[in-house]
file coords-v3.txt (compact mmCIF, C-alpha atoms)
# COMPACT_ATOMS: atom_id res chain seq x y z
CA MET Q 201 0.60 -17.57 28.21
CA PRO Q 202 0.28 -13.84 27.46
CA PRO Q 203 -2.63 -12.86 25.20
CA LYS Q 204 -2.00 -12.80 21.45
CA ARG Q 205 -1.12 -9.30 20.27
CA ILE Q 206 -3.10 -7.74 17.41
CA TYR Q 207 -1.70 -4.77 15.45
CA LEU Q 208 -4.56 -2.42 14.56
CA ALA Q 209 -3.71 -1.07 11.10
CA GLY Q 210 -5.88 1.51 9.39
CA PRO Q 211 -6.42 5.14 8.42
CA GLU Q 212 -8.14 6.00 11.71
CA VAL Q 213 -4.75 7.32 12.87
CA PHE Q 214 -5.68 10.40 10.82
CA LEU Q 215 -8.91 11.02 12.78
CA ARG Q 216 -9.21 13.94 15.17
CA ASN Q 217 -10.09 11.43 17.93
CA ALA Q 218 -7.57 8.81 16.76
CA ARG Q 219 -6.44 7.88 20.27
CA GLU Q 220 -10.06 7.47 21.44
CA ILE Q 221 -10.82 5.11 18.54
CA GLY Q 222 -7.59 3.27 19.29
CA GLU Q 223 -8.71 2.80 22.90
CA GLN Q 224 -12.13 1.55 21.73
CA LYS Q 225 -10.48 -1.01 19.46
CA LYS Q 226 -8.10 -2.11 22.21
CA ALA Q 227 -11.04 -2.53 24.61
CA ARG Q 228 -12.83 -4.76 22.05
CA CYS Q 229 -9.63 -6.79 21.65
CA LYS Q 230 -9.47 -7.27 25.42
CA GLU Q 231 -13.12 -8.41 25.53
CA HIS Q 232 -12.16 -11.11 23.02
CA GLY Q 233 -9.08 -12.21 24.97
CA PHE Q 234 -6.48 -10.34 22.91
CA GLU Q 235 -4.13 -7.40 23.40
CA GLY Q 236 -4.66 -4.65 20.84
CA VAL Q 237 -1.67 -2.60 19.68
CA PHE Q 238 -2.44 0.79 18.11
CA PRO Q 239 0.09 2.58 15.86
CA LEU Q 240 0.10 5.61 18.17
CA ASP Q 241 0.89 3.49 21.27
CA ASN Q 242 4.62 4.12 21.14
CA GLU Q 243 5.52 7.74 21.70
CA VAL Q 244 8.17 9.12 19.37
CA GLU Q 245 10.79 11.43 20.84
CA VAL Q 246 10.17 14.71 19.02
CA ASN Q 247 12.60 17.09 20.71
CA GLY Q 248 14.94 18.70 18.22
CA LYS Q 249 13.57 16.71 15.28
CA SER Q 250 12.10 18.19 12.10
CA ALA Q 251 8.60 17.12 10.98
CA ARG Q 252 10.26 15.00 8.30
CA GLU Q 253 12.51 13.25 10.82
CA ILE Q 254 9.56 12.57 13.12
CA GLY Q 255 7.61 11.06 10.21
CA LEU Q 256 10.49 8.74 9.35
CA CYS Q 257 10.82 7.73 13.03
CA ILE Q 258 7.12 6.82 13.26
CA SER Q 259 7.55 4.49 10.30
CA GLY Q 260 10.28 2.47 12.05
CA VAL Q 261 8.35 2.46 15.33
CA ASN Q 262 5.25 1.05 13.58
CA GLU Q 263 7.31 -1.67 11.86
CA ASP Q 264 8.78 -2.61 15.24
CA LEU Q 265 5.28 -2.79 16.74
CA ILE Q 266 4.13 -5.11 13.92
CA LYS Q 267 7.09 -7.41 14.64
CA THR Q 268 5.91 -7.79 18.26
CA CYS Q 269 2.41 -8.85 17.18
CA ASP Q 270 0.97 -12.22 16.15
CA VAL Q 271 -1.93 -10.90 14.12
CA VAL Q 272 -2.89 -7.79 12.13
CA ILE Q 273 -6.46 -6.57 11.67
CA ALA Q 274 -6.42 -3.99 8.88
CA ASN Q 275 -9.09 -1.44 8.11
CA LEU Q 276 -9.12 -1.41 4.28
CA THR Q 277 -11.93 1.16 3.96
CA PRO Q 278 -11.18 3.28 0.86
CA PHE Q 279 -9.25 6.41 1.82
CA ARG Q 280 -9.00 9.50 -0.45
CA GLY Q 281 -9.48 7.44 -3.58
CA PRO Q 282 -10.90 4.09 -4.68
CA SER Q 283 -8.44 2.01 -2.63
CA ALA Q 284 -7.29 1.47 0.94
CA ASP Q 285 -4.81 3.77 2.67
CA VAL Q 286 -1.32 3.09 1.23
CA GLY Q 287 0.22 3.05 4.71
CA THR Q 288 -2.15 0.25 5.70
CA ALA Q 289 -1.42 -1.58 2.42
CA TYR Q 290 2.30 -1.31 3.17
CA GLU Q 291 1.79 -2.64 6.70
CA ILE Q 292 -0.14 -5.75 5.67
CA GLY Q 293 2.53 -6.54 3.05
CA PHE Q 294 5.17 -6.18 5.75
CA ALA Q 295 3.20 -8.35 8.19
CA HIS Q 296 2.33 -11.06 5.66
CA ALA Q 297 5.98 -11.45 4.64
CA LEU Q 298 6.84 -12.00 8.32
CA GLY Q 299 4.23 -14.76 8.57
CA LYS Q 300 1.80 -12.79 10.73
CA LEU Q 301 -1.88 -13.69 10.32
CA VAL Q 302 -3.59 -10.85 8.46
CA PHE Q 303 -7.33 -10.18 8.82
CA ALA Q 304 -9.11 -7.24 7.23
CA TYR Q 305 -12.41 -5.42 6.94
CA THR Q 306 -13.79 -2.57 4.91
CA ASN Q 307 -16.69 -0.29 5.79
CA VAL Q 308 -17.69 0.19 2.13
CA SER Q 309 -19.48 -2.53 0.16
CA ALA Q 310 -19.59 -0.72 -3.21
CA PRO Q 311 -17.57 -2.77 -5.76
CA PHE Q 312 -13.98 -1.74 -6.52
CA THR Q 313 -14.72 -1.14 -10.21
CA GLU Q 314 -17.66 1.14 -9.36
CA ARG Q 315 -15.54 3.08 -6.82
CA THR Q 316 -12.72 3.51 -9.34
CA VAL Q 317 -15.06 4.77 -12.08
CA LYS Q 318 -16.56 7.25 -9.58
CA THR Q 319 -13.08 8.52 -8.57
CA LEU Q 320 -12.29 9.04 -12.25
CA GLY Q 321 -15.46 11.12 -12.66
CA GLY Q 322 -16.89 8.51 -15.02
CA LYS Q 323 -14.19 9.27 -17.60
CA VAL Q 324 -13.67 5.67 -18.66
CA SER Q 325 -14.17 3.70 -21.84
CA TRP Q 326 -13.93 0.18 -23.12
CA GLY Q 327 -10.78 -0.39 -25.17
CA GLY Q 328 -10.57 -2.48 -28.33
CA ASP Q 329 -9.46 -5.37 -26.11
CA GLY Q 330 -12.75 -5.23 -24.18
CA LYS Q 331 -11.05 -3.89 -21.06
CA LEU Q 332 -12.32 -0.88 -19.15
CA ARG Q 333 -9.69 1.88 -19.28
CA ASP Q 334 -9.18 5.42 -17.96
CA THR Q 335 -8.26 8.44 -20.08
CA GLN Q 336 -4.59 7.47 -19.86
CA GLY Q 337 -5.41 4.04 -21.27
CA MET Q 338 -4.81 2.41 -17.91
CA PHE Q 339 -6.76 -0.72 -17.13
CA ILE Q 340 -9.49 -0.65 -14.46
CA GLU Q 341 -9.65 -3.90 -12.50
CA GLU Q 342 -12.90 -5.81 -12.99
CA VAL Q 343 -11.94 -9.04 -11.24
CA GLU Q 344 -14.70 -8.93 -8.61
CA LEU Q 345 -12.22 -8.26 -5.85
CA THR Q 346 -12.70 -5.72 -3.07
CA ASP Q 347 -9.50 -3.80 -3.87
CA ASN Q 348 -6.18 -4.22 -5.68
CA LEU Q 349 -5.46 -7.93 -6.09
CA MET Q 350 -2.30 -7.81 -3.95
CA LEU Q 351 -4.38 -6.74 -0.93
CA GLU Q 352 -7.20 -9.24 -1.29
CA GLY Q 353 -4.70 -11.94 -2.32
CA CYS Q 354 -2.90 -11.42 0.99
CA ILE Q 355 -6.09 -11.74 3.04
CA HIS Q 356 -7.22 -14.76 1.01
CA ALA Q 357 -3.88 -16.50 1.54
CA SER Q 358 -3.62 -15.57 5.21
CA SER Q 359 -6.98 -15.46 6.99
CA LYS Q 360 -9.24 -16.44 4.05
CA GLN Q 361 -12.04 -13.88 4.46
CA LEU Q 362 -12.21 -10.12 3.96
CA VAL Q 363 -15.13 -8.73 5.99
CA VAL Q 364 -17.25 -6.32 3.94
CA GLU Q 365 -19.91 -4.18 5.65
CA ASP Q 366 -21.43 -0.76 5.10
CA ALA Q 367 -20.88 1.76 7.88
CA PRO Q 368 -23.87 3.83 9.00
CA ALA Q 369 -23.88 7.41 7.67
CA GLY Q 370 -21.20 9.57 9.27
CA GLU Q 371 -19.28 6.61 10.69
CA LEU Q 372 -17.14 5.66 7.70
CA PHE Q 373 -13.88 5.40 9.66
CA THR Q 374 -15.24 4.86 13.17
CA TYR Q 375 -17.79 2.06 12.69
CA LEU Q 376 -16.48 -1.11 14.35
CA GLY Q 377 -19.00 -3.75 13.17
CA GLY Q 378 -16.62 -5.22 10.58
CA PHE Q 379 -13.77 -4.98 13.06
CA GLU Q 380 -15.80 -7.00 15.61
CA LYS Q 381 -16.41 -9.68 12.97
CA CYS Q 382 -12.66 -9.84 12.37
CA LEU Q 383 -12.10 -10.34 16.10
CA LYS Q 384 -14.49 -13.30 16.02
CA LEU Q 385 -12.60 -14.71 13.02
CA VAL Q 386 -9.33 -14.33 14.92
CA GLN Q 387 -10.88 -16.23 17.84
CA GLU Q 388 -11.88 -19.07 15.51
CA THR Q 389 -8.39 -19.19 14.00
CA VAL Q 390 -5.97 -18.51 16.83
CA LYS Q 391 -5.75 -20.44 20.05
CA ILE Q 392 -6.11 -17.91 22.86
CA MET U 92 27.82 -15.21 -10.06
CA PRO U 93 24.40 -14.62 -11.68
CA PRO U 94 23.28 -10.99 -11.99
CA LYS U 95 21.33 -9.50 -9.10
CA ARG U 96 17.60 -9.71 -9.74
CA ILE U 97 15.48 -6.55 -9.50
CA TYR U 98 11.69 -6.76 -9.07
CA LEU U 99 10.07 -3.94 -11.05
CA ALA U 100 7.09 -2.82 -8.95
CA GLY U 101 4.70 -0.15 -10.16
CA PRO U 102 1.33 0.74 -11.67
CA GLU U 103 2.60 0.39 -15.25
CA VAL U 104 1.11 -3.13 -15.18
CA PHE U 105 -2.19 -1.33 -15.85
CA LEU U 106 -0.92 0.32 -19.06
CA ARG U 107 -2.18 -0.80 -22.46
CA ASN U 108 1.45 -1.47 -23.45
CA ALA U 109 2.43 -2.88 -20.04
CA ARG U 110 4.56 -5.70 -21.48
CA GLU U 111 6.42 -3.28 -23.76
CA ILE U 112 7.26 -1.01 -20.80
CA GLY U 113 8.29 -4.08 -18.84
CA GLU U 114 10.68 -5.08 -21.64
CA GLN U 115 12.11 -1.52 -21.75
CA LYS U 116 12.76 -1.61 -18.01
CA LYS U 117 14.32 -5.06 -18.24
CA ALA U 118 16.61 -3.87 -21.07
CA ARG U 119 17.78 -0.94 -18.90
CA CYS U 120 18.43 -3.35 -16.04
CA LYS U 121 20.55 -5.51 -18.35
CA GLU U 122 22.54 -2.47 -19.51
CA HIS U 123 23.38 -1.85 -15.85
CA GLY U 124 24.38 -5.45 -15.18
CA PHE U 125 21.15 -6.59 -13.53
CA GLU U 126 18.28 -8.91 -14.37
CA GLY U 127 14.90 -7.18 -14.29
CA VAL U 128 11.83 -9.11 -13.21
CA PHE U 129 8.45 -7.73 -14.28
CA PRO U 130 5.20 -8.69 -12.48
CA LEU U 131 3.72 -10.02 -15.74
CA ASP U 132 6.73 -12.30 -16.41
CA ASN U 133 5.14 -15.38 -14.91
CA GLU U 134 2.11 -16.54 -16.84
CA VAL U 135 -0.87 -17.55 -14.70
CA GLU U 136 -2.83 -20.61 -15.76
CA VAL U 137 -6.27 -19.21 -16.54
CA ASN U 138 -8.15 -22.23 -17.87
CA GLY U 139 -11.31 -22.89 -15.89
CA LYS U 140 -10.63 -20.11 -13.40
CA SER U 141 -12.95 -17.19 -12.63
CA ALA U 142 -11.64 -13.62 -12.91
CA ARG U 143 -11.54 -13.52 -9.11
CA GLU U 144 -9.51 -16.73 -8.90
CA ILE U 145 -7.06 -15.45 -11.53
CA GLY U 146 -6.62 -12.19 -9.57
CA LEU U 147 -5.85 -14.11 -6.38
CA CYS U 148 -3.37 -16.34 -8.27
CA ILE U 149 -1.50 -13.32 -9.67
CA SER U 150 -1.02 -12.03 -6.12
CA GLY U 151 0.75 -15.22 -5.00
CA VAL U 152 2.82 -15.35 -8.19
CA ASN U 153 4.03 -11.77 -7.65
CA GLU U 154 4.96 -12.49 -4.03
CA ASP U 155 6.92 -15.53 -5.19
CA LEU U 156 8.73 -13.38 -7.79
CA ILE U 157 9.68 -10.83 -5.10
CA LYS U 158 11.13 -13.65 -2.99
CA THR U 159 13.47 -14.59 -5.88
CA CYS U 160 14.81 -11.04 -6.19
CA ASP U 161 17.56 -9.17 -4.32
CA VAL U 162 16.29 -5.67 -4.95
CA VAL U 163 13.00 -3.88 -5.67
CA ILE U 164 12.73 -0.67 -7.67
CA ALA U 165 9.25 0.75 -7.09
CA ASN U 166 7.45 3.34 -9.17
CA LEU U 167 5.65 5.41 -6.51
CA THR U 168 4.10 7.89 -8.97
CA PRO U 169 0.65 8.87 -7.59
CA PHE U 170 -2.05 6.65 -9.05
CA ARG U 171 -5.78 7.56 -9.01
CA GLY U 172 -5.36 9.71 -5.92
CA PRO U 173 -2.67 11.59 -3.99
CA SER U 174 -0.64 8.46 -3.17
CA ALA U 175 1.17 5.60 -4.85
CA ASP U 176 -0.62 2.52 -6.16
CA VAL U 177 -1.68 0.37 -3.16
CA GLY U 178 -0.44 -2.80 -4.86
CA THR U 179 3.02 -1.27 -5.14
CA ALA U 180 2.84 -0.07 -1.51
CA TYR U 181 1.95 -3.62 -0.46
CA GLU U 182 4.87 -5.04 -2.44
CA ILE U 183 7.52 -2.77 -0.95
CA GLY U 184 6.25 -3.59 2.55
CA PHE U 185 6.48 -7.28 1.70
CA ALA U 186 9.99 -6.88 0.23
CA HIS U 187 11.31 -4.71 3.06
CA ALA U 188 10.18 -7.23 5.70
CA LEU U 189 12.14 -9.92 3.81
CA GLY U 190 15.28 -7.77 3.90
CA LYS U 191 15.29 -6.93 0.18
CA LEU U 192 16.86 -3.60 -0.75
CA VAL U 193 14.05 -1.23 -1.77
CA PHE U 194 14.67 1.69 -4.13
CA ALA U 195 11.95 3.98 -5.43
CA TYR U 196 11.15 6.86 -7.74
CA THR U 197 8.18 9.06 -8.50
CA ASN U 198 7.46 10.96 -11.69
CA VAL U 199 5.61 13.76 -9.84
CA SER U 200 7.48 16.39 -7.84
CA ALA U 201 4.41 18.25 -6.49
CA PRO U 202 4.39 17.98 -2.67
CA PHE U 203 2.20 15.34 -1.00
CA THR U 204 0.17 17.93 0.94
CA GLU U 205 -0.56 19.87 -2.26
CA ARG U 206 -1.57 16.68 -4.10
CA THR U 207 -3.88 15.65 -1.25
CA VAL U 208 -5.58 19.06 -1.09
CA LYS U 209 -6.10 18.90 -4.87
CA THR U 210 -7.62 15.39 -4.65
CA LEU U 211 -10.00 16.68 -1.98
CA GLY U 212 -11.10 19.51 -4.29
CA GLY U 213 -9.62 22.07 -1.92
CA LYS U 214 -12.19 21.18 0.76
CA VAL U 215 -9.79 21.39 3.69
CA SER U 216 -9.47 23.59 6.75
CA TRP U 217 -7.16 24.16 9.66
CA GLY U 218 -8.49 22.61 12.85
CA GLY U 219 -8.27 24.20 16.30
CA ASP U 220 -5.11 22.14 16.81
CA GLY U 221 -3.43 23.88 13.86
CA LYS U 222 -3.54 20.74 11.73
CA LEU U 223 -4.85 20.70 8.17
CA ARG U 224 -7.95 18.47 8.01
CA ASP U 225 -10.44 17.23 5.41
CA THR U 226 -14.24 17.51 5.69
CA GLN U 227 -14.32 14.34 7.79
CA GLY U 228 -11.85 15.88 10.24
CA MET U 229 -9.07 13.62 9.04
CA PHE U 230 -5.54 14.93 9.28
CA ILE U 231 -3.63 15.78 6.09
CA GLU U 232 0.06 14.96 6.39
CA GLU U 233 2.32 18.00 6.24
CA VAL U 234 5.60 16.36 7.19
CA GLU U 235 7.48 17.26 4.01
CA LEU U 236 7.54 13.66 2.85
CA THR U 237 6.83 12.50 -0.69
CA ASP U 238 3.97 10.19 0.33
CA ASN U 239 2.59 8.37 3.38
CA LEU U 240 5.33 8.09 5.99
CA MET U 241 5.36 4.27 5.90
CA LEU U 242 6.44 4.37 2.24
CA GLU U 243 9.13 7.01 2.52
CA GLY U 244 10.25 5.53 5.86
CA CYS U 245 10.87 2.22 4.10
CA ILE U 246 12.96 3.81 1.35
CA HIS U 247 14.86 5.94 3.86
CA ALA U 248 15.67 2.88 5.99
CA SER U 249 16.53 0.68 3.04
CA SER U 250 18.18 2.55 0.15
CA LYS U 251 18.23 6.06 1.70
CA GLN U 252 17.03 8.11 -1.26
CA LEU U 253 13.68 8.43 -3.02
CA VAL U 254 14.24 9.75 -6.56
CA VAL U 255 11.83 12.58 -7.41
CA GLU U 256 11.55 13.85 -10.99
CA ASP U 257 8.83 15.33 -13.17
CA ALA U 258 7.84 13.31 -16.21
CA PRO U 259 7.42 15.16 -19.51
CA ALA U 260 3.78 15.79 -20.48
CA GLY U 261 1.99 12.60 -21.55
CA GLU U 262 4.62 10.30 -20.05
CA LEU U 263 3.45 10.12 -16.45
CA PHE U 264 3.69 6.35 -16.17
CA THR U 265 6.15 5.61 -18.96
CA TYR U 266 8.99 8.10 -18.30
CA LEU U 267 12.08 6.19 -17.16
CA GLY U 268 14.44 9.02 -16.09
CA GLY U 269 13.84 8.45 -12.37
CA PHE U 270 14.02 4.71 -12.91
CA GLU U 271 17.45 5.11 -14.56
CA LYS U 272 18.64 7.11 -11.55
CA CYS U 273 17.49 4.28 -9.29
CA LEU U 274 19.50 1.81 -11.37
CA LYS U 275 22.59 3.95 -10.84
CA LEU U 276 21.88 4.02 -7.09
CA VAL U 277 21.56 0.22 -7.12
CA GLN U 278 24.93 0.01 -8.87
CA GLU U 279 26.52 2.19 -6.18
CA THR U 280 24.97 0.06 -3.42
CA VAL U 281 25.06 -3.52 -4.64
CA LYS U 282 28.13 -5.40 -5.75
CA ILE U 283 27.41 -6.67 -9.27
call {"tool": "encode", "arguments": {"input": "coords-v3.txt", "output": "structure tokens"}}
result
Amino acid sequence: MPPKRIYLAGPEVFLRNAREIGEQKKARCKEHGFEGVFPLDNEVEVNGKSAREIGLCISGVNEDLIKTCDVVIANLTPFRGPSADVGTAYEIGFAHALGKLVFAYTNVSAPFTERTVKTLGGKVSWGGDGKLRDTQGMFIEEVELTDNLMLEGCIHASSKQLVVEDAPAGELFTYLGGFEKCLKLVQETVKI
Amino acid sequence: MPPKRIYLAGPEVFLRNAREIGEQKKARCKEHGFEGVFPLDNEVEVNGKSAREIGLCISGVNEDLIKTCDVVIANLTPFRGPSADVGTAYEIGFAHALGKLVFAYTNVSAPFTERTVKTLGGKVSWGGDGKLRDTQGMFIEEVELTDNLMLEGCIHASSKQLVVEDAPAGELFTYLGGFEKCLKLVQETVKI
């Protein structure tokens, strides 16, 4: 039987050394008996296409890659705001609907509420209803979840446990400790 | 034949008057011959549950609501950062994988690259590869898309057109002009 295929979702595609990190993750997958699939694995034909057209092509290519996989491991480390990368959020929604097993980790242990308040520059207040709100009156989640409830709800329903670690300084998007823990969880869950 | 059901995804669930906005959107749906379904429509049993347990329940309830719908109209207005709400991103990924028709609008016309640079406080620079990067060396998308390519790719593949408008001052998350345009697009696409 071919090894189970794991789609490696996360914002590391934006790193300068994205392909190198992708290769590192794929090597770890192989050590654990799996085949890692990185979003940049499939080349997109760029000749004659505008930047916009290439972007739209990559989206379809990534969805097709997810369809070929059995499992997703998502890096939900907060990206340019209090929450995970929206592309990664989209991909785990897509995968979960298709019945793929979705595992996830984050390299930031600070609570979601604390991260949101920090992003808002501390400009928050308690409303008359006792809820913490921003300057537009919008509710700030205080439900002791790691991120938006749709994301953690997915992981809870699918693979049960979201791995939370703190990356060493300077390794926010490259630290693979939480990713390794996910691989061990996959091993415990999926027959290789 | 019962009216087509439209799931109303978006960050307005965080508004103080979320239910009121939900009712407004549902009324507009009805005027166009559809049945609107708002994420807060299904009550979650809260007795004896922790805040965390309630959050996880809401996630499953929302996914079940999406499954009952034919169409999603998503509000992709940037939320606490340069991109759409991650919960909404998750939901359109989930819906698209299930073959639901996904329409979307945003109430902010400023380009994604400009919004990202603003979020980063202008701390960006062009790398040796000619790509715009943040202080961690992470690439800033410049592909002339409205948001992360997975989101716009979904809309492009599904309903073809992402509606971009600018909300009047003070109505960032309550303005329904773009939403109305989506309803008209649904009418043109779906047999009522």
call {"tool": "closest_residue", "arguments": {"input": "coords-v3.txt", "among": "Q:Val271, Q:Cys229, Q:Leu276, Q:Leu320", "to": "chain U", "atoms": "only C-alpha atoms"}}
result
Q:Leu320
call {"tool": "residues_around", "arguments": {"input": "coords-v3.txt", "residues": "Asp225 of chain U", "least_positions_apart": "4", "cutoff": "12 Å", "atoms": "all atoms listed in the file", "output": "list in words"}}
result
Phe214, Leu215, Arg216, Phe279 and Arg280 of chain Q; Thr204, Thr207, Val208, Lys209, Thr210, Leu211, Gly212, Gly213, Lys214, Val215, Ser216, Trp217, Gly218, Met229, Phe230, Ile231 and Glu232 of chain U
call {"tool": "closest_atom_pairs", "arguments": {"input": "coords-v3.txt", "of": "chain U", "to": "chain Q", "cutoff": "8 Å", "atoms": "all atoms listed in the file", "output": "CSV"}}
result
residue,atom,partner,partner_atom,distance
U:Phe105,CA,Q:Phe339,CA,4.8
U:Leu106,CA,Q:Met338,CA,4.6
U:Arg107,CA,Q:Gly337,CA,5.9
U:Ala142,CA,Q:Val343,CA,4.9
U:Arg143,CA,Q:Val343,CA,5.0
U:Gly146,CA,Q:Leu349,CA,5.6
U:Leu147,CA,Q:Gly353,CA,4.7
U:Cys148,CA,Q:Gly353,CA,7.5
U:Ile149,CA,Q:Leu349,CA,7.6
U:Ser150,CA,Q:Met350,CA,4.9
U:Gly151,CA,Q:Gly353,CA,6.9
U:Arg171,CA,Q:Gly281,CA,6.6
U:Gly172,CA,Q:Gly281,CA,5.3
U:Pro173,CA,Q:Arg280,CA,7.5
U:Ser174,CA,Q:Val286,CA,7.0
U:Ala175,CA,Q:Val286,CA,7.0
U:Asp176,CA,Q:Val286,CA,7.4
U:Val177,CA,Q:Val286,CA,5.2
U:Gly178,CA,Q:Met350,CA,5.4
U:Ala180,CA,Q:Tyr290,CA,4.9
U:Tyr181,CA,Q:Tyr290,CA,4.3
U:Glu182,CA,Q:Gly293,CA,6.2
U:Ile183,CA,Q:Tyr290,CA,6.8
U:Gly184,CA,Q:Phe294,CA,4.3
U:Phe185,CA,Q:Gly293,CA,4.2
U:Ala186,CA,Q:Phe294,CA,7.4
U:His187,CA,Q:Phe294,CA,6.9
U:Ala188,CA,Q:Phe294,CA,5.1
U:Leu189,CA,Q:Ala297,CA,6.4
U:Thr210,CA,Q:Arg280,CA,7.4
U:Leu211,CA,Q:Arg280,CA,7.4
U:Gly228,CA,Q:Arg216,CA,5.9
U:Met229,CA,Q:Leu215,CA,4.6
U:Phe230,CA,Q:Phe214,CA,4.8
U:Ile231,CA,Q:Phe214,CA,7.5
U:Glu233,CA,Q:Ala251,CA,7.9
U:Val234,CA,Q:Ala251,CA,4.9
U:Glu235,CA,Q:Arg252,CA,5.6
U:Leu236,CA,Q:Arg252,CA,6.2
U:Asn239,CA,Q:Gly287,CA,6.0
U:Leu240,CA,Q:Gly255,CA,5.6
U:Met241,CA,Q:Ser259,CA,4.9
U:Leu242,CA,Q:Gly287,CA,6.8
U:Glu243,CA,Q:Leu256,CA,7.2
U:Gly244,CA,Q:Leu256,CA,4.7
U:Cys245,CA,Q:Ser259,CA,7.4
U:His247,CA,Q:Leu256,CA,7.6
call {"tool": "atom_distance", "arguments": {"input": "coords-v3.txt", "atom1": "atom CA of Ala165 of chain U", "atom2": "atom CA of Glu122 of chain U"}}
result
18.5 Å
call {"tool": "closest_residue", "arguments": {"input": "coords-v3.txt", "among": "U:Ser200, U:Asn138, U:Asn166, U:Asn133", "to": "Asp257 of chain U", "atoms": "only C-alpha atoms"}}
result
U:Ser200
call {"tool": "atom_distance", "arguments": {"input": "coords-v3.txt", "atom1": "atom CA of Asp241 of chain Q", "atom2": "atom CA of Leu376 of chain Q"}}
result
19.3 Å
call {"tool": "closest_residue", "arguments": {"input": "coords-v3.txt", "among": "Q:Ala369, Q:Leu332, Q:Leu208, Q:Leu301", "to": "Arg228 of chain Q", "atoms": "all atoms listed in the file"}}
result
Q:Leu208
call {"tool": "atom_distance", "arguments": {"input": "coords-v3.txt", "atom1": "atom CA of Gly124 of chain U", "atom2": "atom CA of Glu111 of chain U"}}
result
20.0 Å
call {"tool": "residues_around", "arguments": {"input": "coords-v3.txt", "residues": "Val128 of chain U", "least_positions_apart": "4", "cutoff": "8 Å", "atoms": "all atoms listed in the file", "output": "MDAnalysis selection string"}}
result
chainID U and resid 96:99 117 132 156 160
